[in-house]
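So this block is final_30.cif, mmCIF, C-alpha atoms:
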data_target
loop_
_atom_site.label_atom_id
_atom_site.label_comp_id
_atom_site.auth_asym_id
_atom_site.auth_seq_id
_atom_site.Cartn_x
_atom_site.Cartn_y
_atom_site.Cartn_z
CA MET A 1076 -0.60 42.78 -3.42
CA TYR A 1077 -1.35 39.53 -1.66
CA ASN A 1078 -4.21 39.39 0.86
CA ALA A 1079 -4.65 36.43 3.16
CA SER A 1080 -7.78 34.37 2.58
CA ILE A 1081 -9.21 31.94 5.16
CA ASN A 1082 -12.35 29.85 5.06
CA ILE A 1083 -13.34 27.55 7.93
CA THR A 1084 -16.25 25.11 7.74
CA ILE A 1085 -17.52 23.23 10.79
CA VAL A 1086 -20.12 20.50 10.43
CA GLN A 1087 -21.93 19.72 13.66
CA VAL A 1088 -22.17 16.01 14.43
CA PRO A 1089 -25.15 14.76 16.46
CA SER A 1090 -24.50 13.06 19.80
CA LYS A 1091 -26.64 11.15 22.28
CA ALA A 1092 -27.10 14.28 24.38
CA TYR A 1093 -27.75 16.55 21.38
CA ALA A 1094 -29.38 14.42 18.70
CA ASN A 1095 -30.55 17.43 16.65
CA ARG A 1096 -27.15 19.10 16.17
CA ASN A 1097 -26.77 19.10 12.39
CA LYS A 1098 -25.80 22.63 11.32
CA THR A 1099 -23.00 23.58 8.96
CA ILE A 1100 -21.39 26.89 9.93
CA SER A 1101 -18.57 28.84 8.33
CA PHE A 1102 -16.07 31.59 9.17
CA ASP A 1103 -13.87 33.75 6.99
CA PHE A 1104 -11.67 34.84 9.90
CA CYS A 1105 -9.88 33.47 12.94
CA GLU A 1106 -7.42 34.96 15.38
CA ALA A 1107 -4.84 32.23 14.79
CA PHE A 1108 -4.38 28.63 13.70
CA ASN A 1109 -1.56 26.09 13.61
CA TRP A 1110 -1.27 22.60 12.17
CA LYS A 1111 1.63 20.10 12.21
CA THR A 1112 1.69 17.30 9.66
CA SER A 1113 4.23 14.47 9.35
CA CYS A 1114 4.10 10.80 8.44
CA LYS A 1115 6.27 10.04 11.49
CA ASN A 1116 3.76 11.26 14.09
CA MET A 1117 0.71 9.17 13.01
CA THR A 1118 -1.70 11.97 14.01
CA ASP A 1119 -1.69 15.44 12.42
CA LYS A 1120 -2.93 17.96 14.94
CA GLY A 1121 -3.25 21.66 15.73
CA SER A 1122 -5.67 24.32 16.91
CA ILE A 1123 -7.91 27.18 15.74
CA THR A 1124 -8.41 30.25 17.93
CA PHE A 1125 -11.41 32.57 17.59
CA PRO A 1126 -12.04 35.91 19.29
CA LYS A 1127 -15.44 35.95 20.99
CA ASN A 1128 -16.45 39.16 19.21
CA LEU A 1129 -16.88 37.42 15.86
CA PHE A 1130 -19.65 36.62 13.41
CA TYR A 1131 -20.21 33.23 11.80
CA LYS A 1132 -22.50 32.12 8.99
CA ASP A 1133 -25.10 29.46 9.70
CA GLU A 1134 -26.37 26.84 7.26
CA ASN A 1135 -28.68 29.45 5.71
CA GLY A 1136 -25.86 31.93 5.11
CA GLN A 1137 -27.09 34.24 7.85
CA SER A 1138 -24.47 36.09 9.90
CA LYS A 1139 -24.72 35.58 13.66
CA PRO A 1140 -22.48 36.87 16.46
CA PHE A 1141 -20.66 34.74 19.01
CA ASN A 1142 -21.79 37.17 21.68
CA GLY A 1143 -24.98 39.20 21.77
CA ASP A 1144 -27.07 36.28 20.49
CA ARG A 1145 -26.75 33.93 23.47
CA VAL A 1146 -24.68 31.47 21.49
CA ASN A 1147 -23.64 28.55 23.67
CA VAL A 1148 -20.07 27.94 22.57
CA GLY A 1149 -19.06 25.22 25.01
CA GLY A 1150 -22.36 23.50 25.70
CA PHE A 1151 -23.20 23.83 29.37
CA ASN A 1152 -27.01 23.90 29.48
CA SER A 1153 -28.10 23.82 25.83
CA ALA A 1154 -26.90 22.52 22.47
CA PRO A 1155 -23.33 23.80 21.98
CA LEU A 1156 -22.08 25.56 18.87
CA PHE A 1157 -18.90 23.43 18.98
CA LEU A 1158 -18.59 19.88 20.27
CA ARG A 1159 -15.90 17.23 20.38
CA GLY A 1160 -16.24 15.14 17.24
CA ASP A 1161 -17.49 17.94 14.95
CA LYS A 1162 -15.93 17.91 11.48
CA VAL A 1163 -13.56 20.78 10.66
CA GLU A 1164 -12.03 22.01 7.42
CA LEU A 1165 -9.77 25.06 7.10
CA LYS A 1166 -8.63 26.39 3.74
CA ALA A 1167 -6.08 29.19 3.56
CA GLY A 1168 -4.10 31.05 0.93
CA TYR A 1169 -3.99 34.40 -0.83
CA SER A 1170 -6.09 36.61 -3.06
CA TYR A 1171 -4.19 38.69 -5.62
CA VAL A 1172 -4.38 40.30 -9.03
CA ASN A 1173 -2.36 38.49 -11.68
CA THR A 1174 -0.44 40.04 -14.57
CA SER A 1175 -3.59 39.97 -16.73
CA GLY A 1176 -5.53 42.00 -14.19
CA ALA A 1177 -7.71 39.09 -13.05
CA GLN A 1178 -8.53 38.59 -9.38
CA ILE A 1179 -7.17 35.21 -8.27
CA THR A 1180 -7.81 33.36 -5.00
CA GLU A 1181 -5.36 30.53 -4.45
CA THR A 1182 -6.03 28.37 -1.37
CA ALA A 1183 -5.21 24.89 -0.12
CA THR A 1184 -6.80 22.65 2.50
CA ILE A 1185 -4.62 23.00 5.59
CA ILE A 1186 -6.80 21.36 8.26
CA ASP A 1187 -9.17 18.46 7.62
CA GLY A 1188 -10.20 16.65 10.77
CA TYR A 1189 -12.28 16.60 13.93
CA ILE A 1190 -12.53 18.71 17.08
CA SER A 1191 -10.77 16.80 19.85
CA LYS A 1192 -11.30 19.42 22.58
CA VAL A 1193 -13.19 22.71 23.03
CA ASN A 1194 -11.54 25.33 25.22
CA ALA A 1195 -14.48 27.70 25.66
CA GLY A 1196 -12.69 30.51 27.45
CA VAL A 1197 -11.66 33.82 25.91
CA PRO A 1198 -10.33 33.55 23.28
CA ILE A 1199 -12.13 30.38 22.15
CA GLN A 1200 -9.76 27.63 21.07
CA LEU A 1201 -10.59 24.41 19.25
CA GLU A 1202 -8.06 21.59 19.36
CA VAL A 1203 -8.25 19.53 16.16
CA GLU A 1204 -6.87 16.18 14.98
CA ASP A 1205 -6.97 14.57 11.55
CA ASN A 1206 -8.79 11.34 10.63
CA MET A 1207 -6.65 9.37 13.06
CA TRP A 1208 -8.94 10.81 15.75
CA VAL A 1209 -11.70 8.58 14.40
CA LEU A 1210 -9.52 5.48 14.66
CA LYS A 1211 -8.85 6.38 18.30
CA GLN A 1212 -12.62 6.07 18.90
CA VAL A 1213 -13.07 2.77 17.01
CA PRO A 1214 -12.78 -0.36 19.19
CA LEU A 1215 -11.73 -3.52 17.35
CA THR A 1216 -13.28 -6.90 18.03
CA ASN A 1217 -10.85 -9.39 19.54
CA ARG A 1218 -9.35 -11.44 16.74
CA THR A 1219 -6.41 -13.68 15.91
CA PHE A 1220 -4.73 -13.31 12.52
CA GLU A 1221 -2.97 -16.55 11.68
CA SER A 1222 0.60 -16.69 10.41
CA GLY A 1223 0.85 -15.55 6.81
CA THR A 1224 -1.79 -12.81 7.03
CA SER A 1225 -0.86 -9.83 4.84
CA LEU A 1226 -0.65 -6.19 5.88
CA GLU A 1227 -3.26 -5.46 3.21
CA SER A 1228 -5.75 -7.83 4.89
CA ILE A 1229 -5.22 -6.21 8.30
CA LEU A 1230 -5.65 -2.67 6.92
CA SER A 1231 -8.75 -3.75 5.02
CA TRP A 1232 -10.29 -5.04 8.27
CA VAL A 1233 -9.37 -1.87 10.17
CA VAL A 1234 -10.87 0.40 7.51
CA GLU A 1235 -14.00 -1.74 7.14
CA THR A 1236 -14.54 -1.55 10.91
CA ALA A 1237 -14.01 2.23 10.91
CA ASN A 1238 -16.41 2.75 8.00
CA LYS A 1239 -19.17 1.08 10.03
CA SER A 1240 -18.55 3.33 13.06
CA ASN A 1241 -20.98 6.05 14.10
CA ALA A 1242 -18.27 8.71 13.76
CA LEU A 1243 -18.03 8.16 9.99
CA LYS A 1244 -21.70 7.37 9.37
CA LYS A 1245 -22.71 10.72 10.87
CA THR A 1246 -20.38 12.64 8.52
CA ASN A 1247 -20.99 10.50 5.40
CA THR A 1248 -17.25 9.78 5.23
CA GLN A 1249 -15.62 6.57 4.06
CA PHE A 1250 -11.95 5.63 4.45
CA VAL A 1251 -9.81 3.72 1.96
CA PHE A 1252 -6.37 2.24 2.56
CA LYS A 1253 -2.98 1.89 0.90
CA PRO A 1254 -0.30 -0.55 2.17
CA LEU A 1255 3.17 0.96 1.68
CA THR A 1256 4.87 -2.40 2.27
CA THR A 1257 4.11 -5.86 0.89
CA THR A 1258 4.57 -8.31 3.74
CA THR A 1259 2.95 -11.00 5.86
CA PHE A 1260 2.99 -11.45 9.63
CA ASP A 1261 3.44 -14.28 12.05
CA GLN A 1262 0.41 -14.78 14.27
CA LEU A 1263 -1.02 -11.39 15.27
CA ILE A 1264 -3.49 -11.18 18.17
CA VAL A 1265 -5.83 -8.20 18.56
CA ASN A 1266 -7.10 -7.92 22.13
CA ASN A 1267 -9.00 -4.95 23.58
CA GLU A 1268 -7.44 -2.35 21.26
CA THR A 1269 -8.73 0.55 19.25
CA ALA A 1270 -7.81 0.80 15.58
CA ALA A 1271 -5.25 3.51 16.38
CA GLN A 1272 -3.68 1.41 19.16
CA LEU A 1273 -3.20 -1.47 16.74
CA LEU A 1274 -1.48 0.83 14.23
CA ASN A 1275 0.70 2.21 17.01
CA ARG A 1276 1.68 -1.36 17.96
CA LEU A 1277 2.68 -2.04 14.35
CA HIS A 1278 4.92 1.01 14.60
CA ARG A 1279 6.52 -0.08 17.89
CA GLN A 1280 7.11 -3.67 16.83
CA TYR A 1281 7.82 -3.34 13.12
CA ARG A 1282 8.62 0.35 12.61
CA PHE A 1283 5.64 0.70 10.25
CA PHE A 1284 4.51 4.29 9.73
CA SER A 1285 0.75 4.96 9.68
CA TYR A 1286 -0.77 8.24 8.53
CA PHE A 1287 -3.69 9.67 6.58
CA ARG A 1288 -3.49 11.49 3.27
CA GLY A 1289 -7.01 12.84 2.95
CA ASN A 1290 -9.31 9.87 3.64
CA GLU A 1291 -6.66 7.33 2.65
CA LEU A 1292 -4.99 5.40 5.48
CA ARG A 1293 -1.41 4.50 4.65
CA CYS A 1294 0.80 2.07 6.53
CA GLY A 1295 4.18 0.42 5.97
CA SER A 1296 7.93 0.69 6.35
CA LEU A 1297 8.04 3.20 3.45
CA ARG A 1298 6.97 6.76 4.18
CA TYR A 1299 6.67 8.47 0.82
CA VAL A 1300 4.93 7.78 -2.49
CA PRO A 1301 7.46 9.08 -5.07
CA ASP A 1302 5.12 9.57 -8.03
CA GLU A 1303 2.81 11.96 -6.13
CA ALA A 1304 5.57 14.33 -4.95
CA VAL A 1305 5.36 17.96 -6.10
CA THR A 1306 8.57 19.99 -6.42
CA GLU A 1307 8.56 23.66 -5.39
CA THR A 1308 11.43 26.16 -5.44
CA PHE A 1309 12.47 28.19 -2.37
CA ILE A 1310 15.03 30.98 -2.73
CA MET A 1311 16.97 31.83 0.42
CA ASN A 1312 17.71 35.50 -0.26
CA GLY A 1313 17.81 38.23 -2.90
CA GLU A 1314 15.06 40.09 -4.74
CA LYS A 1315 13.21 36.88 -5.62
CA GLY A 1316 13.68 35.34 -2.20
CA ASN A 1317 10.58 33.66 -0.77
CA VAL A 1318 12.09 32.39 2.48
CA CYS A 1319 11.59 34.42 5.65
CA ALA A 1320 14.77 35.83 7.14
CA GLU A 1321 13.78 35.07 10.74
CA ASN A 1322 13.59 31.74 12.54
CA GLN A 1323 15.85 29.85 10.17
CA GLU A 1324 17.17 26.60 11.60
CA LEU A 1325 19.14 25.36 8.62
CA GLU A 1326 22.67 24.10 9.08
CA TYR A 1327 25.08 23.19 6.30
CA GLN A 1328 27.08 20.06 7.05
CA ARG A 1329 29.81 18.26 5.19
CA LYS A 1330 29.96 14.48 5.01
CA ASP A 1331 33.28 14.66 6.89
CA ASP A 1332 31.36 15.79 10.00
CA ILE A 1333 28.65 13.12 9.85
CA THR A 1334 28.59 9.76 11.62
CA LEU A 1335 25.63 7.50 10.96
CA SER A 1336 24.75 4.04 12.23
CA ALA A 1337 21.75 1.77 12.20
CA VAL A 1338 20.42 -1.47 13.60
CA ALA A 1339 18.28 -3.46 11.16
CA HIS A 1340 16.31 -6.57 12.02
CA ASN A 1341 13.69 -9.08 11.02
CA VAL A 1342 12.29 -12.37 12.37
CA VAL A 1343 12.22 -15.33 9.99
CA THR A 1344 10.45 -18.65 10.32
CA GLU A 1345 12.60 -21.67 9.50
CA ASN A 1346 12.03 -25.40 9.18
CA ALA A 1347 13.09 -27.04 12.46
CA GLY A 1348 12.92 -30.61 11.15
CA GLY A 1349 10.37 -33.25 11.97
CA THR A 1350 6.61 -32.93 12.16
CA THR A 1351 4.03 -32.01 14.78
CA LYS A 1352 1.31 -34.35 16.12
CA ASP A 1353 -1.11 -33.09 13.47
CA GLY A 1354 1.38 -33.75 10.67
CA HIS A 1355 2.62 -30.22 10.02
CA SER A 1356 6.33 -29.45 9.63
CA LYS A 1357 7.93 -28.10 12.78
CA THR A 1358 9.12 -24.51 12.53
CA ALA A 1359 11.22 -22.16 14.64
CA LYS A 1360 11.56 -18.40 14.67
CA ARG A 1361 14.97 -16.76 14.41
CA ARG A 1362 15.74 -13.08 14.86
CA LEU A 1363 18.07 -11.57 12.29
CA GLU A 1364 19.92 -8.44 13.39
CA VAL A 1365 22.74 -6.45 11.82
CA PHE A 1366 24.70 -3.32 12.65
CA VAL A 1367 25.74 -0.88 9.92
CA SER A 1368 27.80 2.32 10.27
CA LEU A 1369 28.89 5.04 7.86
CA PHE A 1370 31.83 7.28 8.78
CA ASN A 1371 34.37 9.15 6.61
CA GLY A 1372 32.81 7.58 3.53
CA GLU A 1373 33.45 4.05 4.78
CA LEU A 1374 30.64 1.56 5.30
CA THR A 1375 31.12 -1.12 7.91
CA SER A 1376 28.69 -3.83 8.90
CA LYS A 1377 28.36 -6.96 10.98
CA ALA A 1378 25.72 -9.51 11.90
CA ILE A 1379 24.68 -9.50 15.57
CA GLY A 1380 24.58 -13.10 16.74
CA LYS A 1381 22.64 -14.56 19.64
CA GLY A 1382 23.96 -13.16 22.91
CA GLU A 1383 25.93 -10.35 21.20
CA ARG A 1384 25.25 -6.69 21.91
CA VAL A 1385 24.90 -3.85 19.44
CA PRO A 1386 27.78 -1.35 19.76
CA THR A 1387 26.88 1.68 21.86
CA ASN A 1388 26.18 4.97 20.10
CA ASP A 1389 28.85 7.31 21.48
CA GLU A 1390 28.45 9.92 18.73
CA GLY A 1391 26.43 10.63 15.63
CA GLU A 1392 22.92 9.55 14.64
CA ARG A 1393 21.54 6.07 15.32
CA ARG A 1394 18.54 4.66 13.44
CA GLU A 1395 16.53 1.48 13.72
CA PHE A 1396 15.04 -0.32 10.72
CA PHE A 1397 12.67 -3.24 10.33
CA PHE A 1398 12.78 -4.92 6.91
CA PRO A 1399 10.23 -7.75 6.74
CA GLU A 1400 11.19 -8.61 3.16
CA CYS A 1401 14.83 -9.38 4.09
CA LYS A 1402 15.38 -13.08 4.85
CA THR A 1403 19.17 -13.08 5.37
CA GLU A 1404 21.75 -10.94 7.19
CA ALA A 1405 23.25 -9.97 3.82
CA GLU A 1406 19.91 -8.63 2.61
CA LEU A 1407 19.45 -6.67 5.85
CA ILE A 1408 22.90 -5.13 5.51
CA SER A 1409 22.24 -4.11 1.90
CA ARG A 1410 18.91 -2.44 2.74
CA ALA A 1411 20.29 -0.69 5.83
CA GLN A 1412 23.22 0.70 3.86
CA LYS A 1413 20.88 2.15 1.22
CA GLU A 1414 18.79 3.82 3.94
CA LEU A 1415 21.83 5.33 5.65
CA GLU A 1416 23.24 6.64 2.38
CA GLN A 1417 20.12 8.81 2.02
CA TYR A 1418 21.27 10.85 5.02
CA TYR A 1419 24.97 10.96 4.11
CA TYR A 1420 25.52 14.08 2.03
CA ASP A 1421 27.07 17.54 1.87
CA GLY A 1422 24.11 19.85 2.34
CA LEU A 1423 21.49 21.44 4.53
CA ARG A 1424 19.72 19.96 7.52
CA GLY A 1425 16.95 21.40 9.67
CA SER A 1426 13.95 23.59 8.84
CA PHE A 1427 13.08 26.99 7.40
CA LYS A 1428 10.09 29.34 7.47
CA THR A 1429 8.38 30.63 4.33
CA TRP A 1430 5.08 32.11 3.26
CA SER A 1431 1.97 30.07 2.53
CA ILE A 1432 2.73 29.80 -1.17
CA PRO A 1433 4.07 27.72 -2.72
CA PHE A 1434 2.05 25.31 -0.55
CA VAL A 1435 3.77 21.96 0.15
CA LYS A 1436 3.04 18.77 2.09
CA HIS A 1437 5.29 16.16 3.66
CA GLY A 1438 6.54 13.90 0.89
CA ASP A 1439 6.91 16.79 -1.57
CA ASN A 1440 10.32 18.07 -2.71
CA ALA A 1441 11.91 21.42 -1.87
CA ASN A 1442 14.29 22.81 -4.48
CA LEU A 1443 16.44 25.14 -2.34
CA LYS A 1444 18.42 27.94 -3.96
CA ASN A 1445 20.94 30.22 -2.26
CA PRO A 1446 22.26 32.95 -4.61
CA LEU A 1447 24.96 33.92 -2.07
CA TYR A 1448 26.18 30.36 -1.50
CA PRO A 1449 25.29 28.33 -4.61
CA GLU A 1450 27.16 25.30 -3.24
CA GLN A 1451 24.23 24.94 -0.82
CA ASP A 1452 21.70 24.53 -3.65
CA GLY A 1453 19.94 21.18 -3.63
CA LEU A 1454 16.77 19.16 -3.93
CA TYR A 1455 15.42 17.87 -0.61
CA LYS A 1456 12.62 15.58 0.53
CA ILE A 1457 10.19 17.33 2.89
CA GLY A 1458 9.68 15.34 6.08
CA ALA A 1459 7.18 17.54 7.94
CA VAL A 1460 5.37 20.87 7.62
CA GLU A 1461 3.90 23.12 10.30
CA TYR A 1462 1.38 25.70 9.12
CA PHE A 1463 0.61 28.96 10.96
CA GLY A 1464 -1.84 31.77 10.50
CA SER A 1465 -2.51 34.83 12.67
CA VAL A 1466 -3.74 38.40 12.44
CA THR A 1467 -0.24 39.67 13.26
CA ASP A 1468 2.01 37.42 11.17
CA GLY A 1469 -0.22 36.41 8.26
CA LEU A 1470 0.18 32.94 6.75
CA ARG A 1471 3.41 30.98 7.19
CA GLN A 1472 4.71 27.44 6.92
CA VAL A 1473 7.78 25.89 8.55
CA ILE A 1474 9.26 23.19 6.32
CA GLU A 1475 11.40 20.45 7.84
CA LEU A 1476 13.90 18.69 5.56
CA ASP A 1477 14.28 14.91 5.71
CA PHE A 1478 17.14 14.12 3.32
CA LYS A 1479 18.83 15.38 0.16
CA ILE A 1480 17.70 13.83 -3.12
CA ASP A 1481 20.30 15.06 -5.61
CA LYS A 1482 23.44 13.95 -3.77
CA ALA A 1483 26.71 14.30 -5.66
#

Encoded form using structure tokens:
Amino acid sequence: MYNASINITIVQVPSKAYANRNKTISFDFCEAFNWKTSCKNMTDKGSITFPKNLFYKDENGQSKPFNGDRVNVGGFNSAPLFLRGDKVELKAGYSYVNTSGAQITETATIIDGYISKVNAGVPIQLEVEDNMWVLKQVPLTNRTFESGTSLESILSWVVETANKSNALKKTNTQFVFKPLTTTTFDQLIVNNETAAQLLNRLHRQYRFFSYFRGNELRCGSLRYVPDEAVTETFIMNGEKGNVCAENQELEYQRKDDITLSAVAHNVVTENAGGTTKDGHSKTAKRRLEVFVSLFNGELTSKAIGKGERVPTNDEGERREFFFPECKTEAELISRAQKELEQYYYDGLRGSFKTWSIPFVKHGDNANLKNPLYPEQDGLYKIGAVEYFGSVTDGLRQVIELDFKIDKA
């Protein structure tokens, strides 16, 4: 028999108003929690809901009640139990007896972040965000990065600035970084932005994805790190089925029914001939743009010249790609075609609900099995996961598929 196991740890972070808040408190129960994680959304976020008639353990391991002990949950006229900026960790999983008769507790860290808002009504709800919350609080000094600055240099500066911030100093946390793309930029000006706003601008302008994996900030046009992916098997039905029957949003599609297209672009710096007053070669920027489509197994492509318009998207899925490493239209077309081919397959699309184990993260692989319809079997990249826990439904996770890996 599997019994749900939950452990929540909240580390109070001192503030100007409450300089002596420094307790570590823990709970082994909550009314409900949810958490959505995806590399596409930049910030992982969710909430934890507590009933007010609940005991917590203080830093000395003593049990204390929410009510009956004059605990100030929201902080109105004394030091609050919870405060925006407090560090939160939630681990969840199951306790069970294995085949050898040993008691096993198998948990994973679901939530690792900071309280972004305290809703101190009844029930009490804490809104939580991951480490990106810290970068939303970190103002960057105004700075100009000259042409040729690498993404690695920019991320290093962002992380160094964040590591000096009060938010991280108070929790003894340090960030590291990992560029997922090797590239350099034309002149990049930082003006009155937070660290998160700068990362968001890199996404808008260059389609770079930024997200945290633990305390590691990742950024680039790639989303996944292949060698860290874990593969877990999910069986759709039958005696060994581990996929919930309800709330399935999976749809099987054939390639015949799929129309895909994409616009890919980059800006290159070219020699314009001649020299400037200070003796440097004159340069000019040129935007490269191509259109690629995939329909009925046929790839078509064309370069979009100056003054030309991209064909309208009357049907199917349209994507946009930025490939800073591509210096010609031919290279853009080749990269865009490879990206589109990832999503052109006979197979499943959508999401499905399962129990908390096997635990997976975005970037892992889901090996889907359907004993009734074996033609739907396949290995898929996981694009996002939403985790749920409640006293009524137990522990669940909703897994969203990105693309099929083992295409025929």

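Distance annotation: of A:Asn1442, A:Thr1216, A:Thr1180, A:Ser1240, the residue with the minimal separation from Ile1310 of chain A is A:Asn1442; atom set is only C-alpha atoms.
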
I'd like the residues picked by the PyMOL selection byres ((chain A and resi 1164-1177) around 9) written out as an mmCIF file with C-alpha atoms, in the coordinates of the input, using the chain letters and numbers from the file.
data_model
loop_
_atom_site.group_PDB
_atom_site.id
_atom_site.type_symbol
_atom_site.label_atom_id
_atom_site.label_comp_id
_atom_site.auth_asym_id
_atom_site.auth_seq_id
_atom_site.Cartn_x
_atom_site.Cartn_y
_atom_site.Cartn_z
ATOM 1 C CA MET A 1076 -0.600 42.780 -3.420
ATOM 2 C CA TYR A 1077 -1.350 39.530 -1.660
ATOM 3 C CA ASN A 1078 -4.210 39.390 0.860
ATOM 4 C CA ALA A 1079 -4.650 36.430 3.160
ATOM 5 C CA SER A 1080 -7.780 34.370 2.580
ATOM 6 C CA ILE A 1081 -9.210 31.940 5.160
ATOM 7 C CA ASN A 1082 -12.350 29.850 5.060
ATOM 8 C CA ILE A 1083 -13.340 27.550 7.930
ATOM 9 C CA THR A 1084 -16.250 25.110 7.740
ATOM 10 C CA ILE A 1085 -17.520 23.230 10.790
ATOM 11 C CA VAL A 1086 -20.120 20.500 10.430
ATOM 12 C CA LYS A 1162 -15.930 17.910 11.480
ATOM 13 C CA VAL A 1163 -13.560 20.780 10.660
ATOM 14 C CA GLN A 1178 -8.530 38.590 -9.380
ATOM 15 C CA ILE A 1179 -7.170 35.210 -8.270
ATOM 16 C CA THR A 1180 -7.810 33.360 -5.000
ATOM 17 C CA GLU A 1181 -5.360 30.530 -4.450
ATOM 18 C CA THR A 1182 -6.030 28.370 -1.370
ATOM 19 C CA ALA A 1183 -5.210 24.890 -0.120
ATOM 20 C CA THR A 1184 -6.800 22.650 2.500
ATOM 21 C CA ILE A 1185 -4.620 23.000 5.590
ATOM 22 C CA ILE A 1186 -6.800 21.360 8.260
ATOM 23 C CA ASP A 1187 -9.170 18.460 7.620
ATOM 24 C CA GLY A 1188 -10.200 16.650 10.770
ATOM 25 C CA TYR A 1189 -12.280 16.600 13.930
ATOM 26 C CA SER A 1431 1.970 30.070 2.530
ATOM 27 C CA ILE A 1432 2.730 29.800 -1.170
ATOM 28 C CA PHE A 1434 2.050 25.310 -0.550
ATOM 29 C CA GLY A 1464 -1.840 31.770 10.500
ATOM 30 C CA LEU A 1470 0.180 32.940 6.750
#

Write out as a ChimeraX atom specification the residues lying within 6 Å of Val1203 of chain A, counting all atoms listed in the file and excluding same-chain residues fewer than 5 positions away. /A:1120-1122,1189-1191

Writer output for current selection, C-alpha atoms, as a short mmCIF file (atom, residue, chain, number, x, y, z; two decimals), in the coordinates of the input:
data_model
loop_
_atom_site.label_atom_id
_atom_site.label_comp_id
_atom_site.auth_asym_id
_atom_site.auth_seq_id
_atom_site.Cartn_x
_atom_site.Cartn_y
_atom_site.Cartn_z
CA LYS A 1120 -2.93 17.96 14.94
CA GLY A 1121 -3.25 21.66 15.73
CA SER A 1122 -5.67 24.32 16.91
CA TYR A 1189 -12.28 16.60 13.93
CA ILE A 1190 -12.53 18.71 17.08
CA SER A 1191 -10.77 16.80 19.85
#

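Those residues that approach segment 1090-1097 of chain A to within 9 Å, counting all atoms listed in the file, are Ser1153, Ala1154, Pro1155, Leu1156 and Gly1160 of chain A; same-chain residues fewer than 6 positions away are not listed.
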
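Every residue that the PyMOL selection byres ((chain A and resi 1368) around 8) selects in this file is listed here: Thr1334, Leu1335, Ser1336, Ala1337, Phe1366, Val1367, Leu1369, Phe1370, Leu1374, Thr1375 and Ser1376 of chain A.
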
Take the PyMOL selection byres ((chain A and resi 1461) around 7), run it mentally on this structure, and tell me the resulting residues as a ChimeraX atom specification. /A:1110-1112,1459-1460,1462-1463,1472-1474

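Pairwise distance (atom CA of Gln1212 of chain A, atom CA of Asn1109 of chain A) equals 23.5 Å.
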
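Of the residues listed (A:Phe1125, A:Phe1309, A:Phe1250, A:Phe1427), A:Phe1125 shows the shortest atom-to-atom separation from Asn1194 of chain A; distances use all atoms listed in the file.
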
If you count all atoms listed in the file, the residue of A:Pro1301, A:Leu1415, A:Asp1468, A:Phe1478 closest to Ala1107 of chain A turns out to be A:Asp1468

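Neighbours of Val1318 of chain A closer than or equal to 9 Å, with only C-alpha atoms counted and sequence neighbours fewer than 3 positions away skipped, come out as Phe1309, Ile1310, Met1311, Asn1312, Glu1321, Gln1323, Phe1427, Lys1428, Thr1429 and Trp1430 of chain A.
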
Separating atom CA of Thr1248 of chain A from atom CA of Trp1232 of chain A, to the nearest tenth of an Å, is a gap of 16.7 Å

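With distances restricted to only C-alpha atoms, A:Leu1292 is the closest residue to Leu1230 of chain A from A:Trp1208, A:Gln1249, A:Leu1292, A:Gln1200.
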
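Closest approach to Asn1238 of chain A among A:Pro1140, A:Thr1467, A:Lys1456, A:Leu1210 is made by A:Leu1210 (distances from all atoms listed in the file).
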
I want to know what sits within 7 Å of Thr1344 of chain A, based on only C-alpha atoms, with residues of the same chain fewer than 5 positions away left out; could you give that as number ranges by chain? A: 1358-1361

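Of the residues under consideration (A:Ile1199, A:Leu1325, A:Asn1247, A:Asn1266), A:Asn1266 shows the shortest atom-to-atom contact distance to Asn1217 of chain A when counting all atoms listed in the file.
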
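Across the model, the gap from atom CA of Leu1201 of chain A to atom CA of Ile1123 of chain A is 5.2 Å.
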
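The environment of Val1209 of chain A within 8 Å, counting all atoms listed in the file and disregarding residues fewer than 3 places along the same chain, consists of Asn1206, Gln1212, Val1213, Ala1237, Ala1242 and Leu1243 of chain A.
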
May I have the protein, DNA and RNA residues with an atom at most 10 Å from (22.6, 11.7, -6.3), counting only C-alpha atoms in the file's coordinates, returned as a ChimeraX atom specification? /A:1417,1420,1454,1479-1483
